[in-house]
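Participant: Please find one structure pasted underneath; my questions will follow.
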Amino acid sequence: STGLLSLKMAEKPSTTMRQQPPLRFRGQLVRHPPSFAEKQAAKEAQKLSFVETFLGLDELKYPHLWKACLIEIFGTCVLCIVSIGAVLSSFGNQPGPDTPPRVDPPAVGIAIAHFFIMALLILSLAASSGAHINPMISFATILTGHTPATRGVLYIFSQMCGSVIGSQIMKDALPESTREWTVSENGQGQLGGCTYGTLTEKQQFLIEFGFSLFVIVCAYGLAFDARQGKIFGPVLAPIFIAAAIAAGIYSSGTLLPSGYSGAGMNPARCFGPAAVMGGDNWRGHWVYWFGPFTAGAVNAVVYLLAPPHHKAMYEESRRAAAEERRNSSMTKILSAAAPASVNTDLKNAVGMSVAASGPATGST
């Protein structure tokens, strides 16, 4: 009876040691049930090499990628329309000695408005494309492997197109005098564009880097990390990320006299007004790309070296190793007590079970 018991234990599959197939696209806040096409893409991705998986060229043949790009165009367009409106409404008129802004400082009104704007947009679009609507997020998730490179590049191009469309809509919709409300020697250019007033390019780059890093750290700690995403869920995570963006707008927007709205933290949001209005909006425009992208690269290094769930990974590795030692000890004990014929069958069964169980999850 001891030999039969040991055989049953050896034949029982080890569910804790079996490696789960990786997700194809994890750069989204809401983990919705995958469609049939997404399941097929994930299945085919198992056969690809690391380089092919990182590039994600195989996704080009699937409609869901192009639909997600369309959502990014649409979402960024809507973001620019409402964001420009929020900035202009907070100023209320062109700042001057006798014409103070409607909200003083304007960064307060801009921050409050963007909290609701970003929270609602992310909640609305997260299940469709991941609701990046920000090249900084797309670039950062490429580096950490959450988004295939091809998808990420297409997302960034889509976001640039959406920002231009949204900015052009606002340019055509508003009187010229209203578009000038944000023009100030200490503030922005026309149409709520991103300029840094009396700061130097180096100073604005550091501001962009610092506040963009804050937003990315919050996004990864709350949502993009698989374990943290389960804790905060698809509702709380977008709200907290929107709160981080609002905090960054207010904290950076009051660093200069009235008229300066602070860090952009979204290259697409700065690109749209610059493309349709030109002028001072192009001044030092590179800092609004390199600052957030540098923040994304720094975050990627830290995330890959010590992800938010690194303690849990270590504990899982220890538990898996302990379980493997217990199973090995039990097998030796039962093997010693079993008859010689059963012992031979047991060794063969154990060998087949180990071959079928695959690598331990803790090792990854």
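Lettering and numbering for the structure tokens are positional, with chains as A, B, ... in the shown order, residues counted from 1 in each chain, and ligands counted from 1 in the shown order.
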Apply DSSP to the backbone of this structure and, from range 96-195 of chain A, keep only the residues in helix (DSSP H, G or I); write these as a PyMOL selection string.
Facilitator: chain A and resi 106-129+135-143+149-173+176-179+190-192
Participant: Give me, as a list in words, all polymer residues having an atom no more than 9 Å from Val215 in chain A, counting only C-alpha atoms and skipping those fewer than 3 positions away in the same chain.
Facilitator: Phe211, Ser212, Cys218, Ala219, Tyr220, Ile241, Ala242, Ala244, Ile245, Gly248 and Met265 of chain A
Participant: How would the residues just picked look written out with N, CA, C and O atoms as an mmCIF file, in the first residue's frame?
Facilitator:
```
data_model
loop_
_atom_site.group_PDB
_atom_site.id
_atom_site.type_symbol
_atom_site.label_atom_id
_atom_site.label_comp_id
_atom_site.auth_asym_id
_atom_site.auth_seq_id
_atom_site.Cartn_x
_atom_site.Cartn_y
_atom_site.Cartn_z
ATOM 1 N N PHE A 211 9.056 65.740 -12.177
ATOM 2 C CA PHE A 211 7.615 65.553 -12.003
ATOM 3 C C PHE A 211 7.087 64.414 -12.886
ATOM 4 O O PHE A 211 6.118 63.749 -12.515
ATOM 5 N N SER A 212 7.708 64.190 -14.037
ATOM 6 C CA SER A 212 7.329 63.040 -14.862
ATOM 7 C C SER A 212 7.686 61.740 -14.162
ATOM 8 O O SER A 212 6.931 60.757 -14.217
ATOM 9 N N CYS A 218 4.181 56.390 -9.738
ATOM 10 C CA CYS A 218 2.824 56.129 -9.251
ATOM 11 C C CYS A 218 2.075 55.182 -10.197
ATOM 12 O O CYS A 218 1.373 54.270 -9.749
ATOM 13 N N ALA A 219 2.219 55.394 -11.509
ATOM 14 C CA ALA A 219 1.527 54.541 -12.480
ATOM 15 C C ALA A 219 1.977 53.094 -12.366
ATOM 16 O O ALA A 219 1.157 52.165 -12.400
ATOM 17 N N TYR A 220 3.272 52.884 -12.206
ATOM 18 C CA TYR A 220 3.777 51.509 -12.093
ATOM 19 C C TYR A 220 3.457 50.902 -10.736
ATOM 20 O O TYR A 220 3.127 49.724 -10.637
ATOM 21 N N ILE A 241 -3.794 57.753 -10.099
ATOM 22 C CA ILE A 241 -2.867 58.272 -11.111
ATOM 23 C C ILE A 241 -3.264 59.686 -11.515
ATOM 24 O O ILE A 241 -2.410 60.570 -11.676
ATOM 25 N N ALA A 242 -4.560 59.925 -11.682
ATOM 26 C CA ALA A 242 -5.035 61.277 -11.986
ATOM 27 C C ALA A 242 -4.689 62.242 -10.855
ATOM 28 O O ALA A 242 -4.331 63.401 -11.098
ATOM 29 N N ALA A 244 -2.090 61.982 -8.947
ATOM 30 C CA ALA A 244 -0.646 62.239 -9.059
ATOM 31 C C ALA A 244 -0.368 63.300 -10.122
ATOM 32 O O ALA A 244 0.481 64.178 -9.927
ATOM 33 N N ILE A 245 -1.080 63.229 -11.244
ATOM 34 C CA ILE A 245 -0.907 64.233 -12.301
ATOM 35 C C ILE A 245 -1.333 65.614 -11.797
ATOM 36 O O ILE A 245 -0.639 66.608 -12.029
ATOM 37 N N GLY A 248 1.255 66.980 -9.528
ATOM 38 C CA GLY A 248 2.413 67.464 -10.274
ATOM 39 C C GLY A 248 2.163 68.804 -10.930
ATOM 40 O O GLY A 248 3.050 69.670 -10.967
ATOM 41 N N MET A 265 4.567 67.007 -18.535
ATOM 42 C CA MET A 265 4.406 65.596 -18.182
ATOM 43 C C MET A 265 3.675 64.787 -19.237
ATOM 44 O O MET A 265 3.263 63.660 -18.986
#
```
Participant: Can you work out the spacing between CA of Val78 in chain A and CA of Pro292 in chain A in Å, to one decimal?
Facilitator: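 Taking CA of Val78 in chain A as the start and CA of Pro292 in chain A as the end point, the length is 21.3 Å.
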Participant: CA of Trp289 in chain A to CA of Thr178 in chain A: how many Å, to one decimal?
Facilitator: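 Interatomic distance, CA of Trp289 in chain A to CA of Thr178 in chain A: 27.0 Å.
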Participant: Using only C-alpha atoms, determine which residues lie at most 10 Å from Ala300 in chain A, disregarding the query and same-chain residues fewer than 6 positions distant; provide the list as a PyMOL selection string.
Facilitator: chain A and resi 139-145+216-217+220+294+306-307
Participant: Quick one: residues within 7 Å of Ser128 in chain A, only C-alpha atoms, excluding same-chain residues fewer than 3 positions away - as a list in words?
Facilitator: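 Near Ser128 in chain A, the qualifying residues are Ala68, Ile71 and Leu125 of chain A.
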Participant: Residues near Cys161 in chain A, anyone? I mean within 9 Å using only C-alpha atoms, not counting same-chain ones fewer than 4 positions away, as a PDB file with all heavy atoms, in the first residue's frame.
Facilitator:
```pdb
ATOM      1  N   ILE A  73      -5.681  57.801 -30.782  1.00  0.00           N
ATOM      2  CA  ILE A  73      -5.898  59.062 -31.510  1.00  0.00           C
ATOM      3  C   ILE A  73      -7.105  59.792 -30.937  1.00  0.00           C
ATOM      4  O   ILE A  73      -7.046  60.992 -30.624  1.00  0.00           O
ATOM      5  CB  ILE A  73      -6.101  58.788 -33.011  1.00  0.00           C
ATOM      6  CG1 ILE A  73      -4.834  58.211 -33.639  1.00  0.00           C
ATOM      7  CG2 ILE A  73      -6.504  60.077 -33.744  1.00  0.00           C
ATOM      8  CD1 ILE A  73      -5.002  57.800 -35.090  1.00  0.00           C
ATOM      9  N   THR A  76      -6.476  60.998 -27.164  1.00  0.00           N
ATOM     10  CA  THR A  76      -5.563  62.140 -27.047  1.00  0.00           C
ATOM     11  C   THR A  76      -6.189  63.404 -27.628  1.00  0.00           C
ATOM     12  O   THR A  76      -5.954  64.511 -27.125  1.00  0.00           O
ATOM     13  CB  THR A  76      -4.237  61.838 -27.754  1.00  0.00           C
ATOM     14  OG1 THR A  76      -3.765  60.546 -27.364  1.00  0.00           O
ATOM     15  CG2 THR A  76      -3.193  62.876 -27.401  1.00  0.00           C
ATOM     16  N   CYS A  77      -6.977  63.248 -28.676  1.00  0.00           N
ATOM     17  CA  CYS A  77      -7.697  64.391 -29.244  1.00  0.00           C
ATOM     18  C   CYS A  77      -8.648  64.995 -28.212  1.00  0.00           C
ATOM     19  O   CYS A  77      -8.663  66.214 -27.986  1.00  0.00           O
ATOM     20  CB  CYS A  77      -8.456  63.948 -30.493  1.00  0.00           C
ATOM     21  SG  CYS A  77      -9.567  65.191 -31.180  1.00  0.00           S
ATOM     22  N   ILE A 156       2.608  56.148 -29.898  1.00  0.00           N
ATOM     23  CA  ILE A 156       3.174  57.495 -29.814  1.00  0.00           C
ATOM     24  C   ILE A 156       2.798  58.312 -31.052  1.00  0.00           C
ATOM     25  O   ILE A 156       2.418  59.491 -30.943  1.00  0.00           O
ATOM     26  CB  ILE A 156       4.707  57.418 -29.650  1.00  0.00           C
ATOM     27  CG1 ILE A 156       5.051  56.805 -28.288  1.00  0.00           C
ATOM     28  CG2 ILE A 156       5.339  58.803 -29.790  1.00  0.00           C
ATOM     29  CD1 ILE A 156       6.534  56.537 -28.095  1.00  0.00           C
ATOM     30  N   PHE A 157       2.893  57.697 -32.223  1.00  0.00           N
ATOM     31  CA  PHE A 157       2.498  58.395 -33.451  1.00  0.00           C
ATOM     32  C   PHE A 157       1.007  58.737 -33.416  1.00  0.00           C
ATOM     33  O   PHE A 157       0.599  59.842 -33.811  1.00  0.00           O
ATOM     34  CB  PHE A 157       2.809  57.527 -34.667  1.00  0.00           C
ATOM     35  CG  PHE A 157       2.417  58.148 -35.979  1.00  0.00           C
ATOM     36  CD1 PHE A 157       3.160  59.188 -36.531  1.00  0.00           C
ATOM     37  CD2 PHE A 157       1.288  57.708 -36.662  1.00  0.00           C
ATOM     38  CE1 PHE A 157       2.792  59.765 -37.741  1.00  0.00           C
ATOM     39  CE2 PHE A 157       0.917  58.284 -37.864  1.00  0.00           C
ATOM     40  CZ  PHE A 157       1.671  59.317 -38.399  1.00  0.00           C
ATOM     41  N   ILE A 165      -4.971  67.123 -33.940  1.00  0.00           N
ATOM     42  CA  ILE A 165      -6.389  67.258 -34.299  1.00  0.00           C
ATOM     43  C   ILE A 165      -7.137  68.032 -33.218  1.00  0.00           C
ATOM     44  O   ILE A 165      -7.898  68.969 -33.503  1.00  0.00           O
ATOM     45  CB  ILE A 165      -7.020  65.869 -34.511  1.00  0.00           C
ATOM     46  CG1 ILE A 165      -6.369  65.168 -35.705  1.00  0.00           C
ATOM     47  CG2 ILE A 165      -8.528  65.995 -34.730  1.00  0.00           C
ATOM     48  CD1 ILE A 165      -6.795  63.719 -35.871  1.00  0.00           C
ATOM     49  N   GLY A 166      -6.920  67.655 -31.959  1.00  0.00           N
ATOM     50  CA  GLY A 166      -7.605  68.347 -30.866  1.00  0.00           C
ATOM     51  C   GLY A 166      -7.225  69.805 -30.767  1.00  0.00           C
ATOM     52  O   GLY A 166      -8.074  70.677 -30.537  1.00  0.00           O
ATOM     53  N   ALA A 268       2.753  64.781 -25.903  1.00  0.00           N
ATOM     54  CA  ALA A 268       1.715  64.983 -26.916  1.00  0.00           C
ATOM     55  C   ALA A 268       0.890  66.224 -26.617  1.00  0.00           C
ATOM     56  O   ALA A 268       0.521  66.978 -27.537  1.00  0.00           O
ATOM     57  CB  ALA A 268       0.807  63.758 -26.996  1.00  0.00           C
ATOM     58  N   GLY A 272       0.782  69.314 -29.660  1.00  0.00           N
ATOM     59  CA  GLY A 272      -0.376  69.771 -30.422  1.00  0.00           C
ATOM     60  C   GLY A 272      -0.437  71.275 -30.599  1.00  0.00           C
ATOM     61  O   GLY A 272      -0.454  71.776 -31.732  1.00  0.00           O
TER      62      GLY A 272
END
```
Participant: CA of Ala113 in chain A and CA of Leu88 in chain A, how far apart in Å?
Facilitator: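 If I compute the distance from CA of Leu88 in chain A to CA of Ala113 in chain A, I get 11.4 Å.
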Participant: List as a list in words the protein and nucleic acid residues near Ala86 in chain A, meaning an atom at most 8 Å away when only C-alpha atoms are counted, but skip any in the same chain fewer than 2 places from it.
Facilitator: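 So the residues in contact are Val82, Ser83, Ile84, Leu88, Ser89, Ser90, Gly109, Ile110, Ala113 and His114 of chain A.
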Participant: Quick one: write out the picked residues with N, CA, C and O atoms as a tab-separated table (two decimals), in the first residue's frame?
Facilitator:
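Below is the file selection-v3.tsv, written as the result:
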```
chain	number	residue	atom	x	y	z
A	82	VAL	N	-10.19	69.24	-24.06
A	82	VAL	CA	-10.64	69.59	-22.71
A	82	VAL	C	-9.51	70.22	-21.90
A	82	VAL	O	-9.74	71.14	-21.10
A	83	SER	N	-8.28	69.75	-22.11
A	83	SER	CA	-7.15	70.30	-21.36
A	83	SER	C	-6.90	71.76	-21.74
A	83	SER	O	-6.68	72.61	-20.86
A	84	ILE	N	-6.92	72.06	-23.03
A	84	ILE	CA	-6.74	73.45	-23.47
A	84	ILE	C	-7.86	74.32	-22.90
A	84	ILE	O	-7.62	75.44	-22.42
A	88	LEU	N	-7.21	77.61	-20.43
A	88	LEU	CA	-7.69	78.95	-20.79
A	88	LEU	C	-8.74	79.45	-19.80
A	88	LEU	O	-8.77	80.63	-19.45
A	89	SER	N	-9.60	78.55	-19.34
A	89	SER	CA	-10.63	78.96	-18.39
A	89	SER	C	-10.03	79.36	-17.05
A	89	SER	O	-10.56	80.23	-16.35
A	90	SER	N	-8.92	78.72	-16.66
A	90	SER	CA	-8.28	79.07	-15.38
A	90	SER	C	-7.64	80.45	-15.46
A	90	SER	O	-7.58	81.17	-14.46
A	109	GLY	N	-6.64	75.85	-10.52
A	109	GLY	CA	-7.76	75.45	-11.37
A	109	GLY	C	-7.36	74.40	-12.38
A	109	GLY	O	-8.11	73.45	-12.66
A	110	ILE	N	-6.13	74.53	-12.96
A	110	ILE	CA	-5.67	73.57	-13.95
A	110	ILE	C	-5.51	72.20	-13.31
A	110	ILE	O	-5.88	71.17	-13.90
A	113	ALA	N	-9.02	70.62	-12.52
A	113	ALA	CA	-9.68	70.19	-13.76
A	113	ALA	C	-9.03	68.94	-14.32
A	113	ALA	O	-9.72	68.00	-14.76
A	114	HIS	N	-7.72	68.88	-14.31
A	114	HIS	CA	-7.03	67.73	-14.88
A	114	HIS	C	-7.18	66.47	-14.04
A	114	HIS	O	-7.06	65.35	-14.56
```
Participant: Find, counting only C-alpha atoms, the residue in A:Arg179, A:Lys67, A:Arg283, A:Lys230 that gets nearest to Gly130 in chain A.
Facilitator: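 Checking each of A:Arg179, A:Lys67, A:Arg283, A:Lys230 against Gly130 in chain A, counting only C-alpha atoms, the winner is A:Lys67.
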